[in-house]
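K.L.:
Sharing a structure, written as structure tokens. Questions coming.
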Amino acid sequence: MTSTVHRTCPLCEAVCGLTLTLDDGGHVTSVRGDKDDPFSKGFICPKGASLGRLDEDPDRLRRPLIREGDLWREVGWDEAFAAVKQGLDRVTERHGRGAVGVYLGNPNAHTMAGALYSAPLIRALGTRNVYSASSADQMPKHVASGLMFGHPLTIPVPDLDRTDYLLMLGANPLESNGSLCTAPDFPGRLKALRARGGRLVVVDPRRTRTAALADEHVFVRPGTDAYLLFGLVHTVFAEGLERVSHQVNGLDEVREAAKHFPPDVVARRTGVPAEVVVRLARELAGARTAAVYARIGTCTAEFGTLAQWLVDVLNVLTGNLDRPGGAMFPRPAIEHGGRRRPYTVGRWTSRVRGLPEANGELPVATLADEIETPGEGQIRMLVTVAGNPVLSAPHGARLDRAFEGLDFMVSVDPYLNETTRHAHVILPPPRVLQSGHYDFALLGFAVRNYARYSRPSLPLDDRPSEAQILARLSMIASGLEGDLDEFVIGQTLAKAIETPGSGVEGRDVAELRAALDGETGAERRLDMMLKLGPYGEWAGGGDLSLRKLLDHPHGLDLGPLEPRLPDVLRTASGVIELAPPRLMDDVERLRAGLDEESPEIVLIGRRHLRSNNSWLHNVGPLVGGSNTCTLQINPADVARLGLNGDAVVRSAKGELTVPIEPTDTIMPGVVSLPHGWGHAGSAQSVAAGHPGVNVNALTDETAIDVPSGNAVFNGVPVTVLPTGVIIAH
Ligand SMILES: Nc1nc2c(c(=O)[nH]1)N[C@H]1C(S)=C(S)[C@@H](COP(=O)(O)OP(=O)(O)OC[C@H]3O[C@@H](n4cnc5c(=O)[nH]c(N)nc54)[C@H](O)[C@@H]3O)O[C@H]1N2
Ligand SMILES: Nc1nc2c(c(=O)[nH]1)N[C@H]1C(S)=C(S)[C@@H](COP(=O)(O)OP(=O)(O)OC[C@H]3O[C@@H](n4cnc5c(=O)[nH]c(N)nc54)[C@H](O)[C@@H]3O)O[C@H]1N2
Ligand code: SF4
Ligand SMILES: [Mo]
């Protein structure tokens, strides 16, 4: 007997619907794209197709582990949680709550547990030492959006299915399947754009598969997108092409600032010829509809926040913000909460380097400083949830050493890996198929309004769900007893009944609580949020609820994106802030860099379709072939540097020996290494056989994007040498 289940793929931001066949023992016998999903329409990629292999990986931990010296002991859940309590109490009694650090990794954006329980966990721990993968990723976008639109999650996405012109910078959706732009079958949507007569321009230091599919590929020197974008803004003003259709503050300031970045000047810095800069600006302004979209290549860079800001400045200036075919604000079934105070950054700063808080967290670029530097507030205990910062954080190799010095460390993770090997207690979540799934975060960036909930496909055996693990950690940390979910429900409903326009104003908490559906606390919270959301039963008008999503197991289409200005804004002024002071200050830093010479060789990253940051290298069918850790380098550089076979790559922070992969798809003067490798000696048996090297032994934690504190991974100065050459240190 086999059974068929439908669920959302949790492996990337494309949120594809999957149809899985299971045998009696709960083993996955096939994985296909769900043809009845109205959003993904049967699309699947090699990672999704391997979900069964990943889920049943024999190296996934089934029971908690406690480390004693170098020895790991499998223990029961009660013993594991008792050890956590003991370790936490020991640290906080001696050093206070500020001595506890938390690091939340990327999969938290793909699990219900991460969405629903990480905020309560942080509150319960009572510390400001909060770090996440966001500051090694998209924090510049949050900061730019927060300052311009009033909320860090109010992020416009390109209206992919209707636009006539897409200018894409620093993104490679043919490998990544898209990011901050939730679009299953991104490749198909780009092909459709071209097929309907639209134009796709890709700006990237490499001719990627996405660039190869485009109408035009523009090589850009790494880290210089802000200059290029300013050159476009300059041209739009200089040629009188601007047509701003919304109320904005700061238009004159932007016009003044742009005067410093004429096309011939930015051409020197970016490597993009002045005539190309001018032409792109004219095309963008002249297209019937157009959108500028920029992603990680432009975020994890020296001027990441300015680049993210300029993207939306261009969308505003060309009249494309908030109109069909332009850059639009999705209206997800569950919206982020509003904000009482205007968005600011730097409400507090980090202890050692004085780096700014953003979105309630500190930059991961300073985590090692905070662990290593003695004094009041030094981190002595760390909790990691779904993160592998040894491989993912800037200069992660330093963290590898810093973690050795912690008094206590707890990791919630299915694997014993480069980071969790430092933990004293590892708490493994159950299989993906034993977890429910709703994309709280990613549906807020979807190119079509859509919702889908998947119930657990298999029952939990004797272990807790990840939600229960995080809830129990929160209860241990807060010292409170009771049901965390019911507590959150009570608080949320109490606030809602006092909020004018919430649809439940003046009603009774107990009555609303009694009306909630769901088999678990997580489901009841989901039901509440759906009902309070813009399509909800309670918010007025709609009928969305958990019940309705359960009745639509393939997902529910909520229609194309629609204009949302000005209501979507949360700025104090109520209008778009085109020239936020924090960013205008940073323009001075950008100007100062205008005449800088580019280093001879700089390093950038890359992603592979069959990989996923650091944790998919243990799935046999996904590793090998072209999915390997090689140094891509232009043949001209290979010849000039006399390379052959392996090369030594040196940065200010470290040195690696790595096989070269000569290719003319990369610019001369630029080399590329993927991140997430470096599994030598790993307990993950397949990954250990394909170790690669940790690129974050080379990246520099002292290099940051100033307004956001974000890590810089692209444009790292390096020297590349043949192996066997002895260098004087
Ligand atoms: N040089 C360089 N570095 C980079 C990048 C780059 O482009 N270049 N990219 C950056 C980006 S964009 C990101 S997002 C970060 C990622 O940084 P991290 O999130 O720190 O790293 P991941 O490799 O995604 O690690 C995910 C961890 O979660 C675990 N995990 C998987 N599924 C689950 C689950 O369901 N529950 C729990 N509890 N754990 C789970 C995995 O075993 C793994 O240990 O890396 C950043 N680092
Ligand atoms: N298969 C796969 N999919 C993934 C992931 C994965 O590891 N593997 N990771 C997931 C995560 S965590 C994220 S955040 C997303 C990221 O999704 P994307 O942003 O699409 O990430 P990449 O595929 O790394 O594409 C970034 C591109 O930027 C280019 N680039 C580098 N430096 C510069 C620069 O200075 N300027 C410009 N213009 N371009 C530059 C690189 O050459 C690369 O082609 O992908 C997600 N999806
Ligand atoms: S594109 Fe992303 S969501 Fe879709 S099947 Fe592949 S990994 Fe899963
Ligand atoms: Mo990411």
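Numbering starts fresh at 1 for the residues of each chain in the structure tokens, the chains themselves are lettered A, B, ... in the order given, and ligands are numbered from 1 as they appear.
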Could you write out, as a ChimeraX atom specification, all the residues of stretch 59-280 of chain A that DSSP marks as helix (DSSP H, G or I)?

P.N.:
/A:77-95,97-99,106-110,112-125,133-136,139-149,173-176,186-195,209-213,225-238,251-258,263-270,274-280

K.L.:
As a tab-separated table (two decimals) with N, CA, C and O atoms, in the first residue's frame, please: the residues near stretch 303-306 of chain A (cut-off 10 Å, only C-alpha atoms, same-chain neighbours under 6 positions excluded).

P.N.:
chain	number	residue	atom	x	y	z
A	137	ASP	N	23.38	38.36	4.54
A	137	ASP	CA	22.47	38.15	3.41
A	137	ASP	C	21.75	39.45	3.09
A	137	ASP	O	22.32	40.39	2.55
A	138	GLN	N	20.47	39.53	3.49
A	138	GLN	CA	19.59	40.57	2.94
A	138	GLN	C	19.38	41.77	3.85
A	138	GLN	O	18.50	42.59	3.57
A	139	MET	N	20.16	41.90	4.94
A	139	MET	CA	19.90	43.02	5.85
A	139	MET	C	19.90	44.38	5.13
A	139	MET	O	19.07	45.25	5.45
A	140	PRO	N	20.78	44.60	4.14
A	140	PRO	CA	20.71	45.90	3.44
A	140	PRO	C	19.34	46.19	2.83
A	140	PRO	O	18.90	47.34	2.80
A	141	LYS	N	18.67	45.14	2.36
A	141	LYS	CA	17.34	45.37	1.78
A	141	LYS	C	16.35	45.77	2.87
A	141	LYS	O	15.52	46.66	2.68
A	142	HIS	N	16.43	45.10	4.03
A	142	HIS	CA	15.54	45.48	5.14
A	142	HIS	C	15.77	46.93	5.55
A	142	HIS	O	14.83	47.68	5.80
A	143	VAL	N	17.04	47.31	5.66
A	143	VAL	CA	17.34	48.67	6.13
A	143	VAL	C	16.86	49.70	5.10
A	143	VAL	O	16.19	50.68	5.45
A	144	ALA	N	17.16	49.45	3.83
A	144	ALA	CA	16.73	50.40	2.80
A	144	ALA	C	15.20	50.51	2.77
A	144	ALA	O	14.64	51.61	2.74
A	145	SER	N	14.51	49.37	2.84
A	145	SER	CA	13.05	49.38	2.79
A	145	SER	C	12.46	50.01	4.05
A	145	SER	O	11.49	50.76	3.98
A	223	GLY	N	31.17	44.60	-6.37
A	223	GLY	CA	31.07	45.60	-5.30
A	223	GLY	C	30.77	47.01	-5.79
A	223	GLY	O	30.72	47.94	-4.98
A	224	THR	N	30.54	47.20	-7.09
A	224	THR	CA	30.38	48.57	-7.60
A	224	THR	C	28.98	48.87	-8.11
A	224	THR	O	28.76	49.87	-8.80
A	225	ASP	N	28.01	48.02	-7.78
A	225	ASP	CA	26.65	48.23	-8.31
A	225	ASP	C	26.05	49.57	-7.90
A	225	ASP	O	25.29	50.16	-8.66
A	226	ALA	N	26.39	50.04	-6.69
A	226	ALA	CA	25.82	51.32	-6.24
A	226	ALA	C	26.27	52.44	-7.19
A	226	ALA	O	25.48	53.35	-7.50
A	227	TYR	N	27.50	52.36	-7.67
A	227	TYR	CA	27.97	53.37	-8.63
A	227	TYR	C	27.18	53.27	-9.94
A	227	TYR	O	26.73	54.28	-10.49
A	229	LEU	N	24.22	52.03	-10.44
A	229	LEU	CA	22.83	52.45	-10.25
A	229	LEU	C	22.73	53.98	-10.13
A	229	LEU	O	21.79	54.59	-10.66
A	230	PHE	N	23.71	54.57	-9.46
A	230	PHE	CA	23.72	56.03	-9.37
A	230	PHE	C	23.92	56.65	-10.76
A	230	PHE	O	23.35	57.72	-11.07
A	295	ARG	N	19.77	41.34	-6.08
A	295	ARG	CA	19.80	40.40	-4.97
A	295	ARG	C	21.21	40.22	-4.42
A	295	ARG	O	22.00	41.13	-4.50
A	296	ILE	N	21.53	39.03	-3.97
A	296	ILE	CA	22.63	38.91	-3.00
A	296	ILE	C	23.98	39.41	-3.49
A	296	ILE	O	24.76	39.93	-2.71
A	297	GLY	N	24.21	39.32	-4.80
A	297	GLY	CA	25.47	39.85	-5.31
A	297	GLY	C	25.64	41.33	-4.98
A	297	GLY	O	26.76	41.82	-4.83
A	583	LEU	N	21.13	57.18	4.79
A	583	LEU	CA	21.67	56.76	3.49
A	583	LEU	C	22.39	57.92	2.81
A	583	LEU	O	23.43	57.72	2.17
A	584	MET	N	21.85	59.13	2.97
A	584	MET	CA	22.54	60.27	2.37
A	584	MET	C	23.93	60.42	2.99
A	584	MET	O	24.89	60.77	2.31
A	586	ASP	N	25.77	57.99	3.93
A	586	ASP	CA	26.61	56.95	3.35
A	586	ASP	C	27.01	57.28	1.91
A	586	ASP	O	28.00	56.74	1.40
A	587	VAL	N	26.25	58.16	1.26
A	587	VAL	CA	26.63	58.58	-0.09
A	587	VAL	C	28.01	59.24	-0.06
A	587	VAL	O	28.80	59.13	-1.00
A	589	ARG	N	30.48	58.26	1.77
A	589	ARG	CA	31.44	57.15	1.73
A	589	ARG	C	31.59	56.63	0.29
A	589	ARG	O	32.69	56.31	-0.17
A	590	LEU	N	30.45	56.59	-0.39
A	590	LEU	CA	30.47	56.12	-1.78
A	590	LEU	C	31.29	57.08	-2.65
A	590	LEU	O	32.11	56.66	-3.46
A	704	ILE	N	32.48	45.64	6.30
A	704	ILE	CA	31.02	45.61	6.39
A	704	ILE	C	30.40	46.73	5.57
A	704	ILE	O	31.05	47.73	5.26
A	705	ASP	N	29.15	46.54	5.25
A	705	ASP	CA	28.32	47.61	4.68
A	705	ASP	C	27.92	48.49	5.88
A	705	ASP	O	27.24	48.00	6.79
A	706	VAL	N	28.32	49.72	5.88
A	706	VAL	CA	28.21	50.54	7.11
A	706	VAL	C	26.77	50.74	7.61
A	706	VAL	O	26.49	50.51	8.79
A	707	PRO	N	25.80	51.15	6.77
A	707	PRO	CA	24.47	51.43	7.33
A	707	PRO	C	23.79	50.22	7.96
A	707	PRO	O	23.00	50.37	8.90
A	708	SER	N	24.07	49.01	7.45
A	708	SER	CA	23.37	47.82	7.94
A	708	SER	C	24.25	46.90	8.76
A	708	SER	O	23.74	45.98	9.40
A	709	GLY	N	25.56	47.07	8.70
A	709	GLY	CA	26.47	46.13	9.37
A	709	GLY	C	26.58	44.80	8.65
A	709	GLY	O	27.15	43.84	9.19
A	710	ASN	N	26.06	44.72	7.44
A	710	ASN	CA	26.04	43.43	6.73
A	710	ASN	C	27.43	43.00	6.29
A	710	ASN	O	28.31	43.82	6.01
A	711	ALA	N	27.59	41.67	6.19
A	711	ALA	CA	28.86	41.10	5.75
A	711	ALA	C	29.14	41.42	4.28
A	711	ALA	O	28.22	41.60	3.49
A	712	VAL	N	30.42	41.47	3.95
A	712	VAL	CA	30.86	41.69	2.56
A	712	VAL	C	31.50	40.40	2.06
A	712	VAL	O	32.55	39.99	2.54

K.L.:
Please write out the residues within 12 Å of ligand 3 as a CSV table (one decimal) with N, CA, C and O atoms, in the first residue's frame, counting only C-alpha atoms and all ligand atoms.

P.N.:
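File result_31.csv, as written:
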chain,number,residue,atom,x,y,z
A,7,ARG,N,2.7,18.5,-0.3
A,7,ARG,CA,3.2,19.5,0.6
A,7,ARG,C,4.2,20.4,-0.1
A,7,ARG,O,4.6,20.2,-1.2
A,8,THR,N,4.4,21.6,0.6
A,8,THR,CA,5.3,22.6,0.1
A,8,THR,C,6.8,22.2,0.3
A,8,THR,O,7.1,21.7,1.4
A,9,CYS,N,7.6,22.3,-0.7
A,9,CYS,CA,9.0,22.1,-0.6
A,9,CYS,C,9.6,23.1,0.3
A,9,CYS,O,9.5,24.3,0.0
A,10,PRO,N,10.4,22.8,1.3
A,10,PRO,CA,11.0,23.7,2.2
A,10,PRO,C,12.4,24.1,1.9
A,10,PRO,O,13.1,24.8,2.7
A,11,LEU,N,12.9,23.7,0.7
A,11,LEU,CA,14.3,23.8,0.5
A,11,LEU,C,14.8,25.1,-0.1
A,11,LEU,O,16.0,25.4,-0.2
A,12,CYS,N,13.9,25.9,-0.7
A,12,CYS,CA,14.3,27.2,-1.2
A,12,CYS,C,13.1,28.2,-1.1
A,12,CYS,O,12.1,27.8,-0.7
A,13,GLU,N,13.3,29.4,-1.7
A,13,GLU,CA,12.3,30.4,-1.6
A,13,GLU,C,11.2,30.3,-2.6
A,13,GLU,O,10.2,31.0,-2.6
A,14,ALA,N,11.3,29.3,-3.5
A,14,ALA,CA,10.3,29.2,-4.6
A,14,ALA,C,9.0,28.5,-4.1
A,14,ALA,O,8.0,28.5,-4.9
A,15,VAL,N,9.0,27.9,-2.9
A,15,VAL,CA,7.8,27.3,-2.3
A,15,VAL,C,7.0,26.4,-3.3
A,15,VAL,O,5.8,26.4,-3.3
A,16,CYS,N,7.7,25.5,-4.0
A,16,CYS,CA,7.0,24.7,-5.0
A,16,CYS,C,6.1,23.7,-4.2
A,16,CYS,O,6.5,23.1,-3.2
A,17,GLY,N,5.0,23.4,-4.8
A,17,GLY,CA,4.1,22.3,-4.3
A,17,GLY,C,4.7,21.0,-4.8
A,17,GLY,O,5.1,20.8,-5.9
A,18,LEU,N,4.8,20.0,-3.9
A,18,LEU,CA,5.3,18.7,-4.2
A,18,LEU,C,4.2,17.6,-4.0
A,18,LEU,O,3.4,17.7,-3.1
A,19,THR,N,4.3,16.5,-4.8
A,19,THR,CA,3.4,15.4,-4.5
A,19,THR,C,4.3,14.2,-4.3
A,19,THR,O,5.2,13.9,-5.1
A,20,LEU,N,4.2,13.6,-3.1
A,20,LEU,CA,5.1,12.5,-2.7
A,20,LEU,C,4.3,11.2,-2.5
A,20,LEU,O,3.2,11.3,-2.1
A,31,VAL,N,8.9,11.6,-5.7
A,31,VAL,CA,8.6,13.0,-5.5
A,31,VAL,C,8.4,13.6,-6.8
A,31,VAL,O,9.3,13.5,-7.7
A,32,ARG,N,7.3,14.3,-7.0
A,32,ARG,CA,7.0,15.0,-8.3
A,32,ARG,C,6.5,16.4,-7.9
A,32,ARG,O,6.1,16.7,-6.8
A,33,GLY,N,6.5,17.2,-8.9
A,33,GLY,CA,5.9,18.6,-8.8
A,33,GLY,C,4.4,18.4,-8.7
A,33,GLY,O,3.9,17.5,-9.4
A,34,ASP,N,3.8,19.2,-7.9
A,34,ASP,CA,2.3,19.1,-7.8
A,34,ASP,C,1.6,19.9,-8.9
A,34,ASP,O,1.6,21.1,-8.8
A,37,ASP,N,-1.0,22.6,-8.0
A,37,ASP,CA,-0.6,23.8,-7.3
A,37,ASP,C,-0.8,25.0,-8.3
A,37,ASP,O,-0.2,25.0,-9.3
A,39,PHE,N,0.2,27.9,-8.2
A,39,PHE,CA,1.4,28.8,-8.3
A,39,PHE,C,2.6,28.1,-9.0
A,39,PHE,O,3.2,28.7,-9.9
A,40,SER,N,2.9,26.9,-8.5
A,40,SER,CA,4.1,26.2,-9.1
A,40,SER,C,3.7,25.3,-10.2
A,40,SER,O,4.6,24.9,-11.0
A,41,LYS,N,2.5,24.9,-10.4
A,41,LYS,CA,2.0,24.2,-11.5
A,41,LYS,C,2.8,23.0,-12.0
A,41,LYS,O,3.1,22.8,-13.2
A,42,GLY,N,3.3,22.3,-11.0
A,42,GLY,CA,4.1,21.1,-11.3
A,42,GLY,C,5.6,21.2,-11.4
A,42,GLY,O,6.3,20.3,-11.6
A,43,PHE,N,6.1,22.5,-11.3
A,43,PHE,CA,7.5,22.7,-11.4
A,43,PHE,C,8.2,22.0,-10.2
A,43,PHE,O,7.8,22.0,-9.1
A,44,ILE,N,9.4,21.4,-10.5
A,44,ILE,CA,10.2,20.9,-9.4
A,44,ILE,C,11.7,21.0,-9.9
A,44,ILE,O,11.9,21.0,-11.1
A,45,CYS,N,12.6,21.1,-9.0
A,45,CYS,CA,14.0,21.1,-9.4
A,45,CYS,C,14.7,19.9,-8.7
A,45,CYS,O,14.1,19.2,-8.0
A,46,PRO,N,16.0,19.7,-9.0
A,46,PRO,CA,16.7,18.5,-8.5
A,46,PRO,C,16.7,18.4,-7.0
A,46,PRO,O,16.7,17.3,-6.4
A,47,LYS,N,16.7,19.6,-6.3
A,47,LYS,CA,16.7,19.5,-4.9
A,47,LYS,C,15.4,19.0,-4.3
A,47,LYS,O,15.4,18.1,-3.5
A,48,GLY,N,14.3,19.6,-4.9
A,48,GLY,CA,13.0,19.1,-4.5
A,48,GLY,C,12.8,17.6,-4.7
A,48,GLY,O,12.3,16.9,-3.9
A,49,ALA,N,13.4,17.2,-5.9
A,49,ALA,CA,13.2,15.8,-6.2
A,49,ALA,C,14.0,14.9,-5.3
A,49,ALA,O,13.7,13.7,-5.2
A,50,SER,N,14.9,15.4,-4.6
A,50,SER,CA,15.7,14.7,-3.6
A,50,SER,C,15.2,14.8,-2.2
A,50,SER,O,15.9,14.3,-1.2
A,51,LEU,N,14.1,15.4,-2.0
A,51,LEU,CA,13.6,15.6,-0.6
A,51,LEU,C,13.5,14.3,0.2
A,51,LEU,O,13.9,14.3,1.4
A,52,GLY,N,13.1,13.3,-0.5
A,52,GLY,CA,13.0,12.0,0.2
A,52,GLY,C,14.4,11.5,0.7
A,52,GLY,O,14.5,11.1,1.9
A,54,LEU,N,17.0,13.3,1.3
A,54,LEU,CA,17.4,14.2,2.4
A,54,LEU,C,16.7,13.8,3.7
A,54,LEU,O,17.3,13.7,4.8
A,110,HIS,N,12.3,28.9,6.6
A,110,HIS,CA,11.6,27.8,5.9
A,110,HIS,C,10.9,26.9,6.8
A,110,HIS,O,10.4,25.8,6.3
A,173,PRO,N,18.8,33.4,-10.6
A,173,PRO,CA,17.7,32.5,-10.2
A,173,PRO,C,17.7,31.2,-11.0
A,173,PRO,O,17.0,30.3,-10.5
A,174,LEU,N,18.5,31.1,-12.1
A,174,LEU,CA,18.5,29.8,-12.7
A,174,LEU,C,19.2,28.8,-11.8
A,174,LEU,O,19.0,27.6,-12.0
A,175,GLU,N,20.1,29.2,-10.9
A,175,GLU,CA,20.7,28.3,-9.9
A,175,GLU,C,19.9,28.4,-8.6
A,175,GLU,O,19.7,27.4,-7.9
A,176,SER,N,19.6,29.7,-8.2
A,176,SER,CA,19.1,29.8,-6.8
A,176,SER,C,17.6,29.6,-6.7
A,176,SER,O,17.0,29.5,-5.6
A,177,ASN,N,16.9,29.7,-7.8
A,177,ASN,CA,15.4,29.7,-7.9
A,177,ASN,C,14.8,30.9,-7.3
A,177,ASN,O,13.6,30.9,-7.0
A,178,GLY,N,15.6,31.9,-7.1
A,178,GLY,CA,15.0,33.2,-6.7
A,178,GLY,C,15.1,33.5,-5.2
A,178,GLY,O,15.0,32.6,-4.4
A,179,SER,N,15.2,34.8,-4.9
A,179,SER,CA,15.3,35.2,-3.5
A,179,SER,C,14.7,36.6,-3.3
A,179,SER,O,14.9,37.5,-4.1
A,182,THR,N,9.6,35.5,-4.5
A,182,THR,CA,9.1,34.1,-4.4
A,182,THR,C,8.4,33.8,-5.7
A,182,THR,O,7.3,34.4,-6.0
A,183,ALA,N,9.0,32.9,-6.5
A,183,ALA,CA,8.5,32.7,-7.9
A,183,ALA,C,8.8,31.3,-8.3
A,183,ALA,O,9.9,31.0,-8.9
A,184,PRO,N,8.0,30.3,-8.0
A,184,PRO,CA,8.3,28.9,-8.5
A,184,PRO,C,8.4,28.9,-10.0
A,184,PRO,O,7.7,29.6,-10.7
A,185,ASP,N,9.4,28.2,-10.5
A,185,ASP,CA,9.7,28.2,-11.9
A,185,ASP,C,10.1,29.6,-12.4
A,185,ASP,O,9.6,30.1,-13.4
A,186,PHE,N,11.0,30.1,-11.7
A,186,PHE,CA,11.6,31.4,-12.1
A,186,PHE,C,12.1,31.4,-13.5
A,186,PHE,O,11.9,32.3,-14.3
A,187,PRO,N,12.9,30.3,-13.8
A,187,PRO,CA,13.4,30.2,-15.2
A,187,PRO,C,12.3,30.3,-16.3
A,187,PRO,O,12.4,31.0,-17.3
A,188,GLY,N,11.2,29.6,-16.0
A,188,GLY,CA,10.1,29.6,-17.0
A,188,GLY,C,9.4,31.0,-17.1
A,188,GLY,O,9.0,31.4,-18.1
A,439,ASP,N,4.6,29.1,4.8
A,439,ASP,CA,5.7,30.0,4.5
A,439,ASP,C,5.4,31.4,5.0
A,439,ASP,O,5.1,32.3,4.2
A,442,LEU,N,8.2,33.8,3.4
A,442,LEU,CA,8.4,33.9,1.9
A,442,LEU,C,7.2,34.3,1.1
A,442,LEU,O,7.3,34.9,0.0
A,608,HIS,N,25.1,26.8,-6.7
A,608,HIS,CA,24.8,25.8,-7.7
A,608,HIS,C,23.4,25.2,-7.5
A,608,HIS,O,23.0,25.0,-6.3
A,609,LEU,N,22.7,24.9,-8.6
A,609,LEU,CA,21.4,24.4,-8.5
A,609,LEU,C,21.2,23.3,-7.6
A,609,LEU,O,20.2,23.2,-6.9
A,610,ARG,N,22.2,22.4,-7.5
A,610,ARG,CA,22.0,21.2,-6.7
A,610,ARG,C,22.6,21.3,-5.3
A,610,ARG,O,22.8,20.3,-4.6
A,611,SER,N,22.8,22.6,-4.9
A,611,SER,CA,23.4,22.8,-3.6
A,611,SER,C,22.5,23.7,-2.7
A,611,SER,O,21.6,24.2,-3.3
A,612,ASN,N,22.7,23.8,-1.5
A,612,ASN,CA,22.0,24.7,-0.7
A,612,ASN,C,22.8,25.2,0.5
A,612,ASN,O,22.9,24.4,1.5
A,613,ASN,N,23.5,26.3,0.4
A,613,ASN,CA,24.4,26.7,1.4
A,613,ASN,C,25.2,25.6,1.9
A,613,ASN,O,25.8,24.9,1.0
A,616,LEU,N,23.4,20.6,2.0
A,616,LEU,CA,22.9,19.6,1.1
A,616,LEU,C,24.0,18.7,0.4
A,616,LEU,O,23.7,18.0,-0.5
A,622,LEU,N,23.1,14.7,-5.3
A,622,LEU,CA,23.2,16.1,-5.5
A,622,LEU,C,24.7,16.6,-5.6
A,622,LEU,O,24.9,17.7,-6.2

K.L.:
Kindly give the distance, in Å, that separates atom CA of A:Tyr117 and atom CA of A:Pro152, rounded to a single decimal.

P.N.:
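Here the two named atoms are 19.8 Å from each other.
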
K.L.:
Between A:Val671, A:Ala285, A:Leu416, A:Ala572, which one has atoms that come closest to ligand 1, using only C-alpha atoms and all ligand atoms?

P.N.:
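Among A:Val671, A:Ala285, A:Leu416, A:Ala572, it is A:Leu416 that comes nearest to ligand 1.
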
K.L.:
Using DSSP on the backbone coordinates, identify the residues of stretch 281-321 of chain A assigned to strand (DSSP E); present them as a PyMOL selection string.

P.N.:
chain A and resi 291-294

K.L.:
Since we have the selection now, will you write its residues out, keeping C-alpha atoms, as a PDB file, in the first residue's frame?

P.N.:
ATOM      1  CA  ALA A 291      11.314  46.721 -12.805  1.00  0.00           C
ATOM      2  CA  VAL A 292      14.770  46.795 -11.265  1.00  0.00           C
ATOM      3  CA  TYR A 293      15.558  43.769  -9.111  1.00  0.00           C
ATOM      4  CA  ALA A 294      18.810  43.196  -7.255  1.00  0.00           C
TER       5      ALA A 294
END

K.L.:
Would you name the residues within 7 Å of ligand 1, counting only C-alpha atoms and all ligand atoms, and put them as a PyMOL selection string?

P.N.:
chain A and resi 104-108+111+133-134+136-137+296+385-389+391-394+412-415+417+428-429+432+466+605-606+612-615+674-676+695-696+699+713

K.L.:
One number please: atom CA of A:Val649 to atom CA of A:Gly724, in Å, one decimal.

P.N.:
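Interatomic distance here is 12.3 Å.
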
K.L.:
Of the candidates A:Ala109, A:Ala119, A:Ala592, A:Ala192, which shows the shortest atom-to-atom distance to ligand 4, using only C-alpha atoms and all ligand atoms?

P.N.:
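Using only C-alpha atoms and all ligand atoms, the shortest distance to ligand 4 belongs to A:Ala109.
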
K.L.:
Quick one: pull the distance between atom CA of A:Ala274 and atom CA of A:Gly231, Å, one decimal.

P.N.:
8.6 Å
